[in-house]
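> File follows, model.txt with compact mmCIF, C-alpha atoms and all ligand atoms:
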```txt
# COMPACT_ATOMS: atom_id res chain seq x y z
CA MET A 1 56.91 119.40 -66.33
CA ASP A 2 58.90 116.34 -67.30
CA GLU A 3 59.39 115.46 -70.94
CA PRO A 4 56.16 114.13 -72.49
CA GLU A 5 55.84 110.41 -73.05
CA VAL A 6 55.40 109.67 -76.74
CA VAL A 7 54.02 106.26 -77.70
CA VAL A 8 53.61 105.24 -81.33
CA LEU A 9 51.10 102.51 -82.13
CA SER A 10 50.95 100.70 -85.45
CA ASP A 11 47.36 101.57 -86.34
CA PRO A 12 44.16 103.23 -85.01
CA ALA A 13 42.86 100.01 -83.44
CA SER A 14 46.07 99.59 -81.45
CA LEU A 15 45.85 103.25 -80.49
CA ALA A 16 42.34 102.75 -79.11
CA GLU A 17 43.47 99.64 -77.23
CA GLU A 18 46.44 101.40 -75.62
CA ALA A 19 44.28 104.40 -74.74
CA ALA A 20 41.68 102.12 -73.14
CA LEU A 21 44.39 100.40 -71.12
CA ARG A 22 45.64 103.72 -69.81
CA PHE A 23 42.13 105.05 -69.19
CA ALA A 24 41.27 101.98 -67.11
CA GLU A 25 44.59 102.04 -65.28
CA THR A 26 44.08 105.71 -64.40
CA ALA A 27 40.53 105.05 -63.26
CA VAL A 28 41.57 102.16 -60.98
CA GLY A 29 44.41 104.21 -59.54
CA ALA A 30 42.26 107.27 -58.91
CA VAL A 31 39.52 105.31 -57.12
CA ALA A 32 42.14 103.54 -55.00
CA ALA A 33 43.84 106.84 -54.16
CA HIS A 34 40.84 109.08 -53.47
CA GLY A 35 37.62 107.19 -53.98
CA ARG A 36 36.60 108.54 -57.37
CA PHE A 37 37.77 109.06 -60.95
CA THR A 38 37.23 112.37 -62.70
CA VAL A 39 37.75 112.50 -66.46
CA ALA A 40 37.18 115.13 -69.15
CA LEU A 41 36.41 113.54 -72.51
CA ALA A 42 37.77 114.80 -75.81
CA GLY A 43 35.63 115.73 -78.76
CA GLY A 44 36.04 115.10 -82.44
CA SER A 45 36.15 111.74 -84.17
CA THR A 46 39.42 110.21 -82.98
CA PRO A 47 38.21 109.19 -79.51
CA LYS A 48 35.16 107.29 -80.85
CA ALA A 49 37.16 104.06 -81.16
CA LEU A 50 38.43 104.47 -77.61
CA TYR A 51 34.93 105.08 -76.27
CA ARG A 52 33.61 101.97 -78.03
CA ARG A 53 36.56 99.95 -76.68
CA LEU A 54 35.88 101.13 -73.13
CA ALA A 55 32.27 99.98 -73.44
CA ALA A 56 33.47 96.44 -74.15
CA ARG A 57 35.26 93.87 -72.02
CA PRO A 58 37.63 93.80 -70.28
CA PHE A 59 37.69 97.58 -69.81
CA ARG A 60 33.97 98.03 -69.04
CA ASP A 61 34.48 95.70 -66.08
CA GLN A 62 37.76 97.24 -64.94
CA VAL A 63 36.44 100.79 -64.55
CA ASP A 64 34.27 101.46 -61.49
CA TRP A 65 31.64 103.50 -63.30
CA SER A 66 29.77 104.07 -60.03
CA ARG A 67 32.70 106.18 -58.87
CA THR A 68 33.41 107.85 -62.21
CA LEU A 69 32.46 111.46 -62.97
CA VAL A 70 32.47 112.38 -66.66
CA PHE A 71 33.01 115.94 -67.83
CA PHE A 72 33.94 117.38 -71.23
CA GLY A 73 36.99 119.29 -72.41
CA ASP A 74 34.95 121.25 -74.89
CA GLU A 75 31.63 121.24 -76.71
CA ARG A 76 30.11 122.56 -79.85
CA CYS A 77 26.98 124.67 -79.27
CA VAL A 78 24.62 122.30 -81.04
CA SER A 79 21.82 120.00 -79.89
CA PRO A 80 22.96 116.85 -78.08
CA ASP A 81 21.34 114.89 -80.91
CA ASP A 82 23.39 116.72 -83.51
CA ARG A 83 26.12 114.60 -85.12
CA ASP A 84 28.60 117.34 -84.17
CA SER A 85 27.84 117.12 -80.45
CA ASN A 86 30.80 115.83 -78.46
CA TYR A 87 28.39 114.75 -75.74
CA GLY A 88 26.20 113.01 -78.32
CA VAL A 89 29.18 111.08 -79.70
CA ALA A 90 30.31 110.00 -76.23
CA ARG A 91 26.77 109.10 -75.18
CA GLU A 92 26.27 106.83 -78.18
CA ALA A 93 29.71 105.18 -78.09
CA LEU A 94 30.20 104.85 -74.33
CA LEU A 95 28.00 106.61 -71.79
CA ASP A 96 24.80 104.74 -72.66
CA ARG A 97 26.64 101.43 -72.79
CA VAL A 98 28.17 101.28 -69.31
CA PRO A 99 26.57 101.34 -65.82
CA LEU A 100 27.16 105.08 -65.37
CA SER A 101 24.52 107.19 -63.68
CA THR A 102 23.43 110.25 -65.65
CA GLU A 103 23.91 112.10 -62.36
CA ASN A 104 27.65 111.56 -62.87
CA VAL A 105 27.76 112.88 -66.44
CA PHE A 106 28.17 116.63 -66.89
CA PRO A 107 27.65 117.79 -70.45
CA MET A 108 28.49 121.34 -71.42
CA TRP A 109 25.27 123.10 -72.45
CA CYS A 110 25.50 126.07 -74.76
CA GLY A 111 22.49 126.79 -76.87
CA PRO A 112 20.28 129.66 -78.01
CA ASP A 113 18.70 129.97 -74.54
CA ARG A 114 21.82 131.48 -73.03
CA SER A 115 24.86 133.52 -74.01
CA LEU A 116 28.25 131.85 -74.36
CA ASP A 117 29.42 133.70 -71.26
CA GLU A 118 26.41 132.48 -69.28
CA ALA A 119 27.02 128.92 -70.48
CA ALA A 120 30.70 129.14 -69.57
CA ALA A 121 29.89 130.51 -66.13
CA GLU A 122 27.37 127.72 -65.58
CA TYR A 123 29.92 125.03 -66.38
CA SER A 124 32.46 126.75 -64.17
CA ARG A 125 29.92 126.46 -61.36
CA VAL A 126 29.48 122.76 -62.13
CA LEU A 127 33.24 122.29 -61.83
CA ALA A 128 33.43 124.34 -58.63
CA GLU A 129 30.66 122.27 -57.07
CA HIS A 130 32.03 118.85 -57.98
CA PHE A 131 35.67 119.65 -57.28
CA GLY A 132 34.89 121.54 -54.08
CA LEU A 133 36.57 124.73 -55.25
CA ALA A 134 36.26 127.08 -52.31
CA GLU A 135 37.79 130.29 -53.53
CA ASP A 136 38.25 132.23 -56.75
CA GLY A 137 41.33 131.14 -58.63
CA ALA A 138 41.08 127.55 -57.45
CA ARG A 139 41.26 125.07 -60.29
CA PRO A 140 39.90 121.52 -60.61
CA GLU A 141 42.45 118.73 -60.75
CA PHE A 142 41.11 116.15 -63.16
CA ASP A 143 42.49 112.66 -62.80
CA LEU A 144 42.53 112.44 -66.58
CA ILE A 145 41.88 114.80 -69.48
CA LEU A 146 41.65 113.32 -72.98
CA LEU A 147 42.63 115.67 -75.81
CA GLY A 148 42.99 115.66 -79.57
CA ILE A 149 44.79 118.03 -81.87
CA GLY A 150 43.71 119.74 -85.06
CA GLU A 151 45.86 120.20 -88.15
CA ASP A 152 46.23 123.83 -87.04
CA GLY A 153 47.54 122.82 -83.63
CA HIS A 154 44.34 123.57 -81.71
CA THR A 155 43.26 121.40 -78.83
CA ALA A 156 39.91 121.28 -77.10
CA SER A 157 38.44 124.47 -78.55
CA LEU A 158 41.56 126.55 -78.05
CA PHE A 159 42.36 127.74 -81.56
CA PRO A 160 45.57 129.50 -82.63
CA GLY A 161 45.37 133.28 -82.31
CA MET A 162 41.97 133.25 -80.63
CA PRO A 163 41.29 134.96 -77.27
CA ALA A 164 40.25 131.77 -75.45
CA VAL A 165 43.86 130.53 -75.57
CA GLU A 166 45.07 133.40 -73.38
CA VAL A 167 42.41 133.23 -70.66
CA GLN A 168 44.04 132.58 -67.31
CA ASP A 169 41.38 133.74 -64.85
CA ARG A 170 38.46 131.48 -65.74
CA LEU A 171 37.89 127.74 -65.84
CA VAL A 172 35.64 127.67 -68.90
CA VAL A 173 35.22 130.14 -71.74
CA GLY A 174 33.27 130.57 -74.91
CA SER A 175 35.27 130.08 -78.09
CA ILE A 176 34.54 131.52 -81.51
CA VAL A 177 36.19 129.37 -84.16
CA PRO A 178 38.39 130.91 -86.86
CA ALA A 179 37.16 131.02 -90.44
CA GLY A 180 37.44 127.70 -92.17
CA VAL A 181 37.06 125.57 -89.06
CA SER A 182 34.26 123.02 -89.13
CA PRO A 183 31.74 122.86 -87.65
CA ALA A 184 31.51 126.63 -87.74
CA VAL A 185 29.60 126.93 -84.49
CA PRO A 186 30.48 128.60 -81.21
CA ARG A 187 32.10 126.37 -78.62
CA LEU A 188 32.73 126.08 -74.90
CA THR A 189 36.15 124.98 -73.76
CA LEU A 190 38.17 124.34 -70.65
CA THR A 191 40.98 126.87 -70.40
CA LEU A 192 44.71 126.14 -70.36
CA PRO A 193 45.01 126.65 -66.58
CA VAL A 194 42.50 123.84 -66.09
CA LEU A 195 44.17 121.56 -68.62
CA ASN A 196 47.55 122.23 -67.03
CA ASN A 197 46.25 121.39 -63.57
CA ALA A 198 45.34 117.85 -64.57
CA SER A 199 46.98 114.87 -62.98
CA ARG A 200 47.23 113.17 -66.36
CA ILE A 201 46.81 114.39 -69.93
CA LEU A 202 46.42 111.90 -72.78
CA PHE A 203 46.54 113.15 -76.37
CA LEU A 204 45.09 110.74 -78.92
CA VAL A 205 46.17 111.45 -82.50
CA GLU A 206 45.83 109.48 -85.70
CA GLY A 207 46.32 110.14 -89.36
CA LYS A 208 48.93 111.63 -91.66
CA ARG A 209 47.17 114.98 -91.81
CA LYS A 210 48.05 115.57 -88.16
CA ALA A 211 51.75 114.67 -88.58
CA GLU A 212 53.02 118.22 -89.10
CA ALA A 213 51.10 119.65 -86.15
CA VAL A 214 52.34 116.77 -83.99
CA ARG A 215 55.93 117.40 -85.10
CA GLN A 216 55.69 121.12 -84.38
CA VAL A 217 54.24 120.55 -80.94
CA ILE A 218 56.43 117.69 -79.78
CA GLU A 219 59.69 118.91 -81.30
CA GLY A 220 59.04 122.66 -81.07
CA GLY A 221 57.44 122.73 -77.64
CA ALA A 222 55.63 125.76 -76.29
CA ALA A 223 58.00 128.07 -78.18
CA GLY A 224 56.13 127.09 -81.30
CA GLY A 225 53.11 128.84 -79.85
CA LEU A 226 50.51 126.33 -80.91
CA PRO A 227 47.74 125.86 -78.34
CA ALA A 228 48.37 122.12 -78.08
CA ALA A 229 52.02 122.88 -77.28
CA ARG A 230 50.93 124.97 -74.30
CA VAL A 231 49.38 121.96 -72.64
CA GLN A 232 52.12 121.34 -70.11
CA PRO A 233 50.67 120.01 -66.87
CA GLN A 234 52.52 121.57 -63.96
CA ASN A 235 52.38 118.53 -61.69
CA GLY A 236 50.83 115.96 -63.96
CA THR A 237 51.95 113.66 -66.72
CA LEU A 238 51.61 114.28 -70.45
CA THR A 239 51.37 111.39 -72.88
CA TRP A 240 50.97 111.42 -76.64
CA LEU A 241 49.44 108.27 -78.13
CA LEU A 242 50.03 108.42 -81.89
CA ASP A 243 49.41 106.03 -84.70
CA ALA A 244 52.30 105.55 -87.13
CA SER A 245 50.83 108.02 -89.63
CA ALA A 246 50.48 110.82 -87.09
CA ALA A 247 54.03 110.13 -85.91
CA GLY A 248 55.40 110.25 -89.43
CA GLY A 249 56.98 113.68 -89.00
CA LEU A 250 58.91 112.90 -85.84
CA ALA A 251 62.66 112.50 -85.98
C1 LIG A 301 36.53 119.28 -80.91
C2 LIG A 301 37.69 118.67 -80.22
C3 LIG A 301 38.95 119.02 -80.95
C4 LIG A 301 39.43 117.73 -81.55
C5 LIG A 301 40.39 117.98 -82.68
C6 LIG A 301 40.70 116.67 -83.40
O1 LIG A 301 35.51 119.51 -80.25
O2 LIG A 301 36.61 119.43 -82.14
O3 LIG A 301 37.75 118.87 -78.92
O4 LIG A 301 39.95 119.61 -80.19
O5 LIG A 301 40.06 116.94 -80.53
O6 LIG A 301 39.78 118.89 -83.57
O7 LIG A 301 39.49 116.20 -83.94
P1 LIG A 301 39.41 114.80 -84.73
O8 LIG A 301 39.65 113.73 -83.72
O9 LIG A 301 38.01 114.77 -85.29
O10 LIG A 301 40.49 114.85 -85.80
```
Give the structure from the file, written as structure tokens.


Amino acid sequence: MDEPEVVVLSDPASLAEEAALRFAETAVGAVAAHGRFTVALAGGSTPKALYRRLAARPFRDQVDWSRTLVFFGDERCVSPDDRDSNYGVAREALLDRVPLSTENVFPMWCGPDRSLDEAAAEYSRVLAEHFGLAEDGARPEFDLILLGIGEDGHTASLFPGMPAVEVQDRLVVGSIVPAGVSPAVPRLTLTLPVLNNASRILFLVEGKRKAEAVRQVIEGGAAGGLPAARVQPQNGTLTWLLDASAAGGLA
């Protein structure tokens, strides 16, 4: 993988604007290249501003939503109406505001009606179907995966020291969060092999409290061992969009 691109924006609004520009550019390029745009959305609070920006002009008109398929990088096992639902956040800020068919939105479902393993296997089947994965071991190649980072260096729901980080033979796994992580609910997450098979990875990070994790990952690389540092797309591009606060620890 080439060196990651690191772009520092002055404030969160500029970060959302730059992210929307790159989202739209990737979408246009993907549709031109192969007739559709596949994206995995990030969870947490940082992407909300991006999602709202994408639902407004000019970006809402630049993206061909009829050829866009929306997946998720991870999900908390809560109701879609729960404030902690990554799908719920994206639905409110973006998915219900653009001409996107619900048939092209693929939430991760993990609730009391099924085990985490069953839920993970179900989402793996969704990926296999929509990416035409013929044989075991094949991995989806997303046109774009949006990611965030936690203060502990986690990304998606791959938390430091937890088993999900090391899974290489599955596309989606259940993830039990370490003590102290909020919300303290089980998760589903794409695995590192899927993240690292993406055509483009875009990290969105804002705020001073992320600065040390960002420094460790960008300056320390995978040797630092943090899950976010192990996102190193084999054939894709990796870009960090940071606001000035999150970039405060970089040399
Ligand atoms: C999640 C996210 C997670 C998130 C980081 C940053 O479901 O929690 O996928 O990886 O991106 O925790 O979250 P904030 O943007 O809320 O700081």

> Using all atoms listed in the file for the distances, tell me which of A:Gly153, A:Ile201, A:Ser45, A:Ile145 is nearest to A:Ala222.

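Closest to A:Ala222, using all atoms listed in the file: A:Gly153.
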
> Would you list the residues near (27.7, 127.7, -69.0), meaning any protein, DNA or RNA residue with an atom at most 9 Å from that point in file coordinates, counting all atoms listed in the file, as a VMD selection string?

chain A and resid 108 to 110 114 to 126 172 to 174 188

> Can you work out which residues are within 8 Å of ligand LIG 301 (chain A), considering all atoms listed in the file, and then hand them over as number ranges by chain?

A: 42-47, 73-76, 86, 147-151, 154-158, 187, 204-206, 210

> Looking at A:Ala228, A:Val217, A:Val70, A:Leu144, which one is nearest to A:Val28, with distances taken over only C-alpha atoms?

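Between A:Ala228, A:Val217, A:Val70, A:Leu144, the residue approaching A:Val28 most closely is A:Leu144.
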
> Which residues are close to A:Gln234, i.e. within 12 Å by only C-alpha atoms, leaving aside same-chain residues fewer than 6 positions away? Reply as a list in words.

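The filter keeps Met1, Asp2, Glu3, Pro4, Glu141, Leu192, Pro193, Val194, Leu195, Asn196, Asn197, Ala198, Ser199, Arg200 and Ile201 of chain A.
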
> I want to know what sits within 8 Å of stretch 131-137 of chain A, based on all atoms listed in the file, with residues of the same chain fewer than 3 positions away left out; could you give that as number ranges by chain?

A: 127-128, 140-141, 169-170

> Which is closest to A:Gly236 among A:Asp143, A:Asp84, A:Glu92, A:Glu25, if we use only C-alpha atoms?

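Ranked by minimum distance to A:Gly236, first place goes to A:Asp143.
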
> A:Arg53, A:Gly35, A:His130, A:Cys77: which is nearest A:Ser175, counting only C-alpha atoms?

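Nearest candidate to A:Ser175 out of A:Arg53, A:Gly35, A:His130, A:Cys77: A:Cys77.
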
> Go ahead and compute the interatomic distance for atom CA of A:Phe142 and atom CA of A:Asp113, in Å to one decimal.

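Distance reported for this atom pair: 28.7 Å.
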
> Got a sec: who's within 9 Å of A:Val185, counting all atoms listed in the file, leaving out chain neighbours fewer than 3 positions off, as a list in words?

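What passes the distance filter is Arg76, Cys77, Val78, Ile176, Val177, Val181 and Ser182 of chain A.
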
> Limited to C-alpha atoms, could you put the picked residues into a file as a tab-separated table (two decimals), keeping the file's coordinate frame?


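The new file part33.tsv reads:
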```tsv
chain	number	residue	atom	x	y	z
A	76	ARG	CA	30.11	122.56	-79.85
A	77	CYS	CA	26.98	124.67	-79.27
A	78	VAL	CA	24.62	122.30	-81.04
A	176	ILE	CA	34.54	131.52	-81.51
A	177	VAL	CA	36.19	129.37	-84.16
A	181	VAL	CA	37.06	125.57	-89.06
A	182	SER	CA	34.26	123.02	-89.13
```

> Counting only C-alpha atoms, I want the residues whose atoms come within 6 Å of (29.5, 116.4, -71.5) in the file frame, returned as a list in words.

Phe71, Phe72, Tyr87, Phe106, Pro107 and Met108 of chain A

> Quote the spacing between atom CA of A:Arg215 and atom CA of A:Ala251 in Å to one decimal place.

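Atom CA of A:Arg215 sits 8.4 Å away from atom CA of A:Ala251.
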
> A:Leu21, A:Val7, A:Leu146, A:Ala27: which is nearest A:Lys48, counting all atoms listed in the file?

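Nearest candidate to A:Lys48 out of A:Leu21, A:Val7, A:Leu146, A:Ala27: A:Leu146.
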
> Skipping near chain neighbours, those fewer than 5 positions away, what residues fall within 9 Å of stretch 95-102 of chain A using all atoms listed in the file, listed as a PyMOL selection string?

chain A and resi 51-52+54-56+60+64-70+90

> Using all atoms listed in the file, can you tell me which of A:Glu212, A:Glu18, A:Asp81, A:Glu5 comes closest to A:Trp240?

A:Glu5

> Distance atom CA of A:Ala13-atom CA of A:Val89, one decimal place?

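Spanning atom CA of A:Ala13 to atom CA of A:Val89 is a straight-line distance of 18.0 Å.
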
> Will you model N, CA and C atoms for stretch 39-75 of chain A and pass it back as a tab-separated table (two decimals), keeping the file's coordinate frame?


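selection26.tsv, written as the output of this step:
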```tsv
chain	number	residue	atom	x	y	z
A	39	VAL	N	37.17	112.49	-65.12
A	39	VAL	CA	37.75	112.50	-66.46
A	39	VAL	C	37.02	113.53	-67.31
A	40	ALA	N	37.78	114.24	-68.14
A	40	ALA	CA	37.18	115.13	-69.15
A	40	ALA	C	37.41	114.49	-70.51
A	41	LEU	N	36.33	114.22	-71.22
A	41	LEU	CA	36.41	113.54	-72.51
A	41	LEU	C	36.77	114.52	-73.62
A	42	ALA	N	37.42	114.00	-74.64
A	42	ALA	CA	37.77	114.80	-75.81
A	42	ALA	C	36.64	114.73	-76.83
A	43	GLY	N	36.61	115.70	-77.68
A	43	GLY	CA	35.63	115.73	-78.76
A	43	GLY	C	36.24	115.25	-80.05
A	44	GLY	N	35.55	115.51	-81.14
A	44	GLY	CA	36.04	115.10	-82.44
A	44	GLY	C	35.80	113.61	-82.70
A	45	SER	N	36.41	113.12	-83.74
A	45	SER	CA	36.15	111.74	-84.17
A	45	SER	C	37.18	110.73	-83.65
A	46	THR	N	38.39	111.17	-83.39
A	46	THR	CA	39.42	110.21	-82.98
A	46	THR	C	39.03	109.38	-81.76
A	47	PRO	N	38.45	109.98	-80.73
A	47	PRO	CA	38.21	109.19	-79.51
A	47	PRO	C	37.08	108.17	-79.65
A	48	LYS	N	36.31	108.21	-80.74
A	48	LYS	CA	35.16	107.29	-80.85
A	48	LYS	C	35.59	105.83	-80.65
A	49	ALA	N	36.72	105.46	-81.28
A	49	ALA	CA	37.16	104.06	-81.16
A	49	ALA	C	37.52	103.72	-79.72
A	50	LEU	N	38.12	104.69	-79.03
A	50	LEU	CA	38.43	104.47	-77.61
A	50	LEU	C	37.15	104.29	-76.82
A	51	TYR	N	36.17	105.16	-77.05
A	51	TYR	CA	34.93	105.08	-76.27
A	51	TYR	C	34.24	103.73	-76.49
A	52	ARG	N	34.24	103.27	-77.75
A	52	ARG	CA	33.61	101.97	-78.03
A	52	ARG	C	34.39	100.85	-77.34
A	53	ARG	N	35.72	101.00	-77.30
A	53	ARG	CA	36.56	99.95	-76.68
A	53	ARG	C	36.32	99.90	-75.18
A	54	LEU	N	36.12	101.08	-74.59
A	54	LEU	CA	35.88	101.13	-73.13
A	54	LEU	C	34.54	100.52	-72.75
A	55	ALA	N	33.61	100.52	-73.71
A	55	ALA	CA	32.27	99.98	-73.44
A	55	ALA	C	32.24	98.46	-73.55
A	56	ALA	N	33.38	97.90	-73.97
A	56	ALA	CA	33.47	96.44	-74.15
A	56	ALA	C	34.43	95.85	-73.11
A	57	ARG	N	34.35	94.54	-72.95
A	57	ARG	CA	35.26	93.87	-72.02
A	57	ARG	C	36.66	93.85	-72.59
A	58	PRO	N	37.69	93.86	-71.75
A	58	PRO	CA	37.63	93.80	-70.28
A	58	PRO	C	37.46	95.18	-69.64
A	59	PHE	N	37.58	96.25	-70.41
A	59	PHE	CA	37.69	97.58	-69.81
A	59	PHE	C	36.39	97.99	-69.11
A	60	ARG	N	35.23	97.61	-69.66
A	60	ARG	CA	33.97	98.03	-69.04
A	60	ARG	C	33.88	97.48	-67.61
A	61	ASP	N	34.52	96.32	-67.41
A	61	ASP	CA	34.48	95.70	-66.08
A	61	ASP	C	35.60	96.19	-65.17
A	62	GLN	N	36.62	96.78	-65.75
A	62	GLN	CA	37.76	97.24	-64.94
A	62	GLN	C	37.50	98.62	-64.33
A	63	VAL	N	36.72	99.43	-65.05
A	63	VAL	CA	36.44	100.79	-64.55
A	63	VAL	C	35.26	100.73	-63.59
A	64	ASP	N	35.41	101.37	-62.43
A	64	ASP	CA	34.27	101.46	-61.49
A	64	ASP	C	33.42	102.66	-61.89
A	65	TRP	N	32.45	102.40	-62.75
A	65	TRP	CA	31.64	103.50	-63.30
A	65	TRP	C	30.82	104.19	-62.21
A	66	SER	N	30.57	103.46	-61.11
A	66	SER	CA	29.77	104.07	-60.03
A	66	SER	C	30.55	105.17	-59.31
A	67	ARG	N	31.85	105.16	-59.50
A	67	ARG	CA	32.70	106.18	-58.87
A	67	ARG	C	33.37	107.09	-59.90
A	68	THR	N	32.85	107.07	-61.11
A	68	THR	CA	33.41	107.85	-62.21
A	68	THR	C	32.55	109.07	-62.49
A	69	LEU	N	33.18	110.23	-62.60
A	69	LEU	CA	32.46	111.46	-62.97
A	69	LEU	C	33.00	111.92	-64.32
A	70	VAL	N	32.09	112.08	-65.28
A	70	VAL	CA	32.47	112.38	-66.66
A	70	VAL	C	32.14	113.82	-67.01
A	71	PHE	N	33.15	114.56	-67.38
A	71	PHE	CA	33.01	115.94	-67.83
A	71	PHE	C	33.48	116.01	-69.28
A	72	PHE	N	33.53	117.23	-69.84
A	72	PHE	CA	33.94	117.38	-71.23
A	72	PHE	C	34.99	118.49	-71.34
A	73	GLY	N	35.95	118.28	-72.21
A	73	GLY	CA	36.99	119.29	-72.41
A	73	GLY	C	36.49	120.46	-73.22
A	74	ASP	N	35.56	120.16	-74.11
A	74	ASP	CA	34.95	121.25	-74.89
A	74	ASP	C	33.68	120.72	-75.54
A	75	GLU	N	32.89	121.64	-76.08
A	75	GLU	CA	31.63	121.24	-76.71
A	75	GLU	C	31.27	122.23	-77.80
```
